[in-house]
Structures are given as C-alpha cells and as structure tokens.
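Student: One structure is given below, represented as structure tokens, and several questions about it will come after.
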Amino acid sequence: MRAMAAEHAPEPSQFRVTLFVGPQSVEEGEGRVSCVFNVKKRSWKGGIQVDVNITQRQIDALSREVDFSRWLAQALIDLAADDRPSYEERAQELLAQAVCWCKLDLLLESGIRQENQCLAADRWIDEVRSRVLGRRDFLTSYVVAELDLAPGDSSAP
C-alpha cells in the first residue's frame with residue numbers, strides 16, 4: 001500500500017476580523033470614508049474596534065490601477081440593464097471595504113494594541129497601494145461573494 005503524504009491545514013489567523021460598519025463618510029474630512037472593523041485576537045478576553053479611514057481619491061486611484069470598472073462591467077454583463085446601477089453602486093462600496101481591509105491587514109501585521117483605535121487616511125498610502133495591487137483576486141472575490149454573483153465572475157482584472 002502506498003503511503004499518502006499528509007497535508008497540513010493552513011495556520012489559523014491569530015485574529016478574527018469582521019466588518020462592523022462602512023463605508024461611511026467621515027464628517028471632519030471632506031472626501032474621506034471610514035470602515036469600522038471588530039478585531040479579536042485569540043489571546044484577548046475581548047475585542048476592539050478599528051476605524052480605518054481612506055480618502056475617496058485613494059480609492060478612485062486604486063480602482064483605476066486595478067481596472068476595476070472594466071472588470072465590474074464584465075462581471076455584471078449577464079444582469080438585466082435595470083439591475084446594473086444598483087449592483088455597480090454596491091460594488092463601489094465593497095471595493096472601499098476591501099481596500100480598508102487591506103489597510104487593516106497592514107496594521108495587524110505590524111502589531112496592534114488591545115484598544116479601540118483609528119487608522120488615519122494618510123497612514124501607509126504606498127503600502128496600501130502595494131497591498132491592493134498584490135491582492136486583486138481578493139478584491140474581486142470579495143465583491144463577487146458579497147454581490148452573490150456566479151463563481152465564474154471572479155476572474156481578475
């Protein structure tokens with residue numbers, strides 16, 4: 001009998017992250033949006049909230065760089081024309097969430113304190129850009145899943 005190689009399960013993340021709310025406009029900063037995430041580390045007794053801010057200008061630039069509009073048009077091609085505007089609007093919100101999630105990942109990787117905090121819009125701009133460009137599949141998969149589109153619609157831009 002041939003021995004089978006055992007595959008190890010991937011290492012579970014030390015954090016459990018859920019989106020609490022967002023994107024929503026930030027009153028103090030014109031053109032800024034915010035997504036608030038609940039973050040719970042395995043060793044913590046309770047979780048925290050992290051308010052991730054980003055400018056709409058950053059989101060728009062990243063959208064252009066990953067050619068999100070072209071990808072979205074292809075992903076929605078089979079929808080009725082009357083349904084597309086609401087899907088397109090929701091997809092833009094989901095893109096903002098995914099970009100904020102990438103920014104949050106940078107914070108988690110760099111070390112996080114067990115206290116509620118706000119991640120400013122001007123923090124890690126270049127790093128967020130690099131992370132988003134490297135995670136195009138995450139962006140599109142996230143949008144496809146949240147819009148409940150057919151699985152074949154998640155091909156990268």
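Residue names in the structure tokens use chain letters A, B, ... in the order shown, residue numbers from 1 in each chain, and ligand numbers from 1 in the order shown.
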Using only C-alpha atoms, I'd like a table of the residues in stretch 43-85 of chain A that come within 10 Å of stretch 16-25 of chain A; for each, show the closest atom pair and its distance in Å rounded to one decimal, ordered by chain and ascending number, as JSON lines.
Tutor:
```
{"residue": "A:Gly47", "atom": "CA", "partner": "A:Arg16", "partner_atom": "CA", "distance": 9.0}
{"residue": "A:Ile48", "atom": "CA", "partner": "A:Val17", "partner_atom": "CA", "distance": 9.8}
{"residue": "A:Gln49", "atom": "CA", "partner": "A:Phe20", "partner_atom": "CA", "distance": 8.3}
{"residue": "A:Val50", "atom": "CA", "partner": "A:Phe20", "partner_atom": "CA", "distance": 9.4}
{"residue": "A:Asp51", "atom": "CA", "partner": "A:Val21", "partner_atom": "CA", "distance": 9.3}
{"residue": "A:Val52", "atom": "CA", "partner": "A:Pro23", "partner_atom": "CA", "distance": 9.4}
{"residue": "A:Asn53", "atom": "CA", "partner": "A:Pro23", "partner_atom": "CA", "distance": 9.1}
{"residue": "A:Ile54", "atom": "CA", "partner": "A:Pro23", "partner_atom": "CA", "distance": 9.7}
{"residue": "A:Thr55", "atom": "CA", "partner": "A:Ser25", "partner_atom": "CA", "distance": 9.6}
{"residue": "A:Gln56", "atom": "CA", "partner": "A:Ser25", "partner_atom": "CA", "distance": 9.4}
```
Student: For A:Gln58, work out the shell of residues within 10 Å, counting only C-alpha atoms and skipping chain neighbours fewer than 3 positions away, then give it as a list in words.
Tutor: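 Near A:Gln58, the qualifying residues are Gly31, Arg32, Ile54, Thr55, Ala61, Leu62, Ser63, Arg64, Ala96, Val99, Ala121, Asp122, Ile125, Val128 and Arg129 of chain A.
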Student: Deliver the residues from the most recent selection as a file, using N, CA, C and O atoms, as a PDB file, in the first residue's frame.
Tutor:
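Contents of the output file result.pdb:
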```pdb
ATOM      1  N   GLY A  31     -14.240  64.133   1.585  1.00  0.00           N
ATOM      2  CA  GLY A  31     -13.734  63.140   0.644  1.00  0.00           C
ATOM      3  C   GLY A  31     -13.109  61.927   1.308  1.00  0.00           C
ATOM      4  O   GLY A  31     -12.397  61.184   0.650  1.00  0.00           O
ATOM      5  N   ARG A  32     -13.367  61.733   2.589  1.00  0.00           N
ATOM      6  CA  ARG A  32     -12.831  60.557   3.284  1.00  0.00           C
ATOM      7  C   ARG A  32     -13.965  59.623   3.654  1.00  0.00           C
ATOM      8  O   ARG A  32     -15.075  60.062   3.945  1.00  0.00           O
ATOM      9  N   ILE A  54      -9.820  56.205   4.768  1.00  0.00           N
ATOM     10  CA  ILE A  54      -9.134  56.308   3.483  1.00  0.00           C
ATOM     11  C   ILE A  54      -9.841  57.394   2.684  1.00  0.00           C
ATOM     12  O   ILE A  54     -11.026  57.649   2.878  1.00  0.00           O
ATOM     13  N   THR A  55      -9.102  58.039   1.804  1.00  0.00           N
ATOM     14  CA  THR A  55      -9.735  59.089   1.005  1.00  0.00           C
ATOM     15  C   THR A  55     -10.403  58.471  -0.222  1.00  0.00           C
ATOM     16  O   THR A  55      -9.958  57.430  -0.737  1.00  0.00           O
ATOM     17  N   ALA A  61      -8.107  56.094  -7.321  1.00  0.00           N
ATOM     18  CA  ALA A  61      -6.818  55.808  -7.971  1.00  0.00           C
ATOM     19  C   ALA A  61      -6.558  54.303  -7.998  1.00  0.00           C
ATOM     20  O   ALA A  61      -6.126  53.755  -9.021  1.00  0.00           O
ATOM     21  N   LEU A  62      -6.827  53.649  -6.885  1.00  0.00           N
ATOM     22  CA  LEU A  62      -6.622  52.197  -6.834  1.00  0.00           C
ATOM     23  C   LEU A  62      -7.578  51.476  -7.778  1.00  0.00           C
ATOM     24  O   LEU A  62      -7.195  50.506  -8.443  1.00  0.00           O
ATOM     25  N   SER A  63      -8.803  51.951  -7.859  1.00  0.00           N
ATOM     26  CA  SER A  63      -9.781  51.374  -8.773  1.00  0.00           C
ATOM     27  C   SER A  63      -9.272  51.450 -10.211  1.00  0.00           C
ATOM     28  O   SER A  63      -9.373  50.477 -10.967  1.00  0.00           O
ATOM     29  N   ARG A  64      -8.718  52.600 -10.581  1.00  0.00           N
ATOM     30  CA  ARG A  64      -8.173  52.747 -11.937  1.00  0.00           C
ATOM     31  C   ARG A  64      -6.981  51.814 -12.148  1.00  0.00           C
ATOM     32  O   ARG A  64      -6.849  51.197 -13.199  1.00  0.00           O
ATOM     33  N   ALA A  96     -14.399  49.784  -1.554  1.00  0.00           N
ATOM     34  CA  ALA A  96     -13.885  50.583  -0.436  1.00  0.00           C
ATOM     35  C   ALA A  96     -13.660  49.704   0.794  1.00  0.00           C
ATOM     36  O   ALA A  96     -12.637  49.828   1.481  1.00  0.00           O
ATOM     37  N   VAL A  99     -10.493  47.608   0.222  1.00  0.00           N
ATOM     38  CA  VAL A  99      -9.281  48.416   0.352  1.00  0.00           C
ATOM     39  C   VAL A  99      -9.000  48.690   1.837  1.00  0.00           C
ATOM     40  O   VAL A  99      -7.863  48.571   2.294  1.00  0.00           O
ATOM     41  N   ALA A 121      -6.258  58.314   7.395  1.00  0.00           N
ATOM     42  CA  ALA A 121      -6.278  58.191   5.934  1.00  0.00           C
ATOM     43  C   ALA A 121      -4.897  58.355   5.319  1.00  0.00           C
ATOM     44  O   ALA A 121      -4.590  57.742   4.301  1.00  0.00           O
ATOM     45  N   ASP A 122      -4.039  59.151   5.951  1.00  0.00           N
ATOM     46  CA  ASP A 122      -2.721  59.411   5.368  1.00  0.00           C
ATOM     47  C   ASP A 122      -1.648  58.421   5.829  1.00  0.00           C
ATOM     48  O   ASP A 122      -0.479  58.575   5.511  1.00  0.00           O
ATOM     49  N   ILE A 125       0.016  54.995   2.816  1.00  0.00           N
ATOM     50  CA  ILE A 125      -0.558  55.159   1.473  1.00  0.00           C
ATOM     51  C   ILE A 125       0.150  54.262   0.454  1.00  0.00           C
ATOM     52  O   ILE A 125      -0.509  53.535  -0.298  1.00  0.00           O
ATOM     53  N   VAL A 128      -0.464  50.521   1.241  1.00  0.00           N
ATOM     54  CA  VAL A 128      -1.825  50.098   0.891  1.00  0.00           C
ATOM     55  C   VAL A 128      -1.908  49.883  -0.618  1.00  0.00           C
ATOM     56  O   VAL A 128      -2.471  48.891  -1.081  1.00  0.00           O
ATOM     57  N   ARG A 129      -1.334  50.786  -1.368  1.00  0.00           N
ATOM     58  CA  ARG A 129      -1.331  50.644  -2.831  1.00  0.00           C
ATOM     59  C   ARG A 129      -0.673  49.331  -3.233  1.00  0.00           C
ATOM     60  O   ARG A 129      -1.224  48.563  -4.023  1.00  0.00           O
TER      61      ARG A 129
END
```
Student: Using DSSP assignments from the backbone, pull out every residue in chain A that falls under alpha helix (DSSP H) and give it to me as a PyMOL selection string.
Tutor: chain A and resi 56-65+68-75+84-110+125-134+136-147
Student: Using only C-alpha atoms, determine which residues lie at most 9 Å from A:Arg90, disregarding the query and same-chain residues fewer than 5 positions distant; provide the list as a list in words.
Tutor: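 Here the answer would be Pro85, Leu95, Val143 and Leu147 of chain A.
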Student: If you run DSSP on this backbone, which residues of stretch 30-83 of chain A come out as strand (DSSP E), and could you give them as a list in words?
Tutor: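 Matching residues for strand (DSSP E) in stretch 30-83 of chain A are Arg32, Val33, Ser34, Cys35, Val36, Phe37, Asn38, Val39, Lys40, Lys41, Ile48, Gln49, Val50, Asp51, Val52, Asn53, Ile54 and Thr55 of chain A.
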Student: Kindly export the residues of the current selection with C-alpha atoms, as a PDB file, in the first residue's frame.
Tutor:
```
ATOM      1  CA  ARG A  32     -12.831  60.557   3.284  1.00  0.00           C
ATOM      2  CA  VAL A  33     -14.596  57.331   4.080  1.00  0.00           C
ATOM      3  CA  SER A  34     -14.373  55.014   7.032  1.00  0.00           C
ATOM      4  CA  CYS A  35     -14.904  51.318   7.670  1.00  0.00           C
ATOM      5  CA  VAL A  36     -15.047  50.082  11.246  1.00  0.00           C
ATOM      6  CA  PHE A  37     -13.876  46.548  11.965  1.00  0.00           C
ATOM      7  CA  ASN A  38     -14.246  44.406  15.051  1.00  0.00           C
ATOM      8  CA  VAL A  39     -10.929  42.723  15.814  1.00  0.00           C
ATOM      9  CA  LYS A  40     -10.461  39.922  18.320  1.00  0.00           C
ATOM     10  CA  LYS A  41      -7.095  38.333  18.980  1.00  0.00           C
ATOM     11  CA  ILE A  48     -11.605  46.085  19.879  1.00  0.00           C
ATOM     12  CA  GLN A  49     -12.846  48.317  17.108  1.00  0.00           C
ATOM     13  CA  VAL A  50     -10.524  49.729  14.483  1.00  0.00           C
ATOM     14  CA  ASP A  51     -11.790  52.659  12.415  1.00  0.00           C
ATOM     15  CA  VAL A  52      -9.948  52.535   9.070  1.00  0.00           C
ATOM     16  CA  ASN A  53     -10.025  55.810   7.131  1.00  0.00           C
ATOM     17  CA  ILE A  54      -9.134  56.308   3.483  1.00  0.00           C
ATOM     18  CA  THR A  55      -9.735  59.089   1.005  1.00  0.00           C
TER      19      THR A  55
END
```
Student: Of the residues A:Glu27, A:Glu89, A:Asp148, A:Glu65, which is the one nearest to A:Gly134, using only C-alpha atoms?
Tutor: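 Closest candidate: A:Glu65.
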Student: If I take atom CA of A:Ala75 and atom CA of A:Ala91, how far is one from the other in Å, to one decimal?
Tutor: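 Pair atom CA of A:Ala75 / atom CA of A:Ala91 returns 10.5 Å.
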Student: Which is closer to A:Tyr142 than all the others in A:Arg123, A:Glu109, A:Ala81, A:Ala98, using only C-alpha atoms?
Tutor: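 With only C-alpha atoms as the atom set, the closest residue is A:Ala98.
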Student: So, counting only C-alpha atoms, which residue among A:Ile59, A:Trp71, A:Gln114, A:Ser13 is closest to A:Lys45?
Tutor: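 When distances to A:Lys45 are compared using only C-alpha atoms, the smallest one comes from A:Gln114.
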Student: Which residue out of A:Val26, A:Leu119, A:Leu133, A:Leu106 has the minimum interatomic distance to A:Asp67 when only C-alpha atoms are used?
Tutor: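 Using only C-alpha atoms, A:Asp67 sits closest to A:Leu133.
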Student: Looking at A:Asp105, A:Cys100, A:Arg131, A:Val144, which one is nearest to A:Glu88, with distances taken over only C-alpha atoms?
Tutor: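 Using only C-alpha atoms, the shortest distance to A:Glu88 belongs to A:Val144.
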Student: Rounded to one decimal in Å, what is the spacing between atom CA of A:Cys102 and atom CA of A:Val132?
Tutor: 6.6 Å
Student: Would you mind telling me which residue in A:Asp126, A:Glu28, A:Ile112, A:Glu146 lies nearest to A:Gln97 when using only C-alpha atoms?
Tutor: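 The closest residue to A:Gln97 is A:Glu146.
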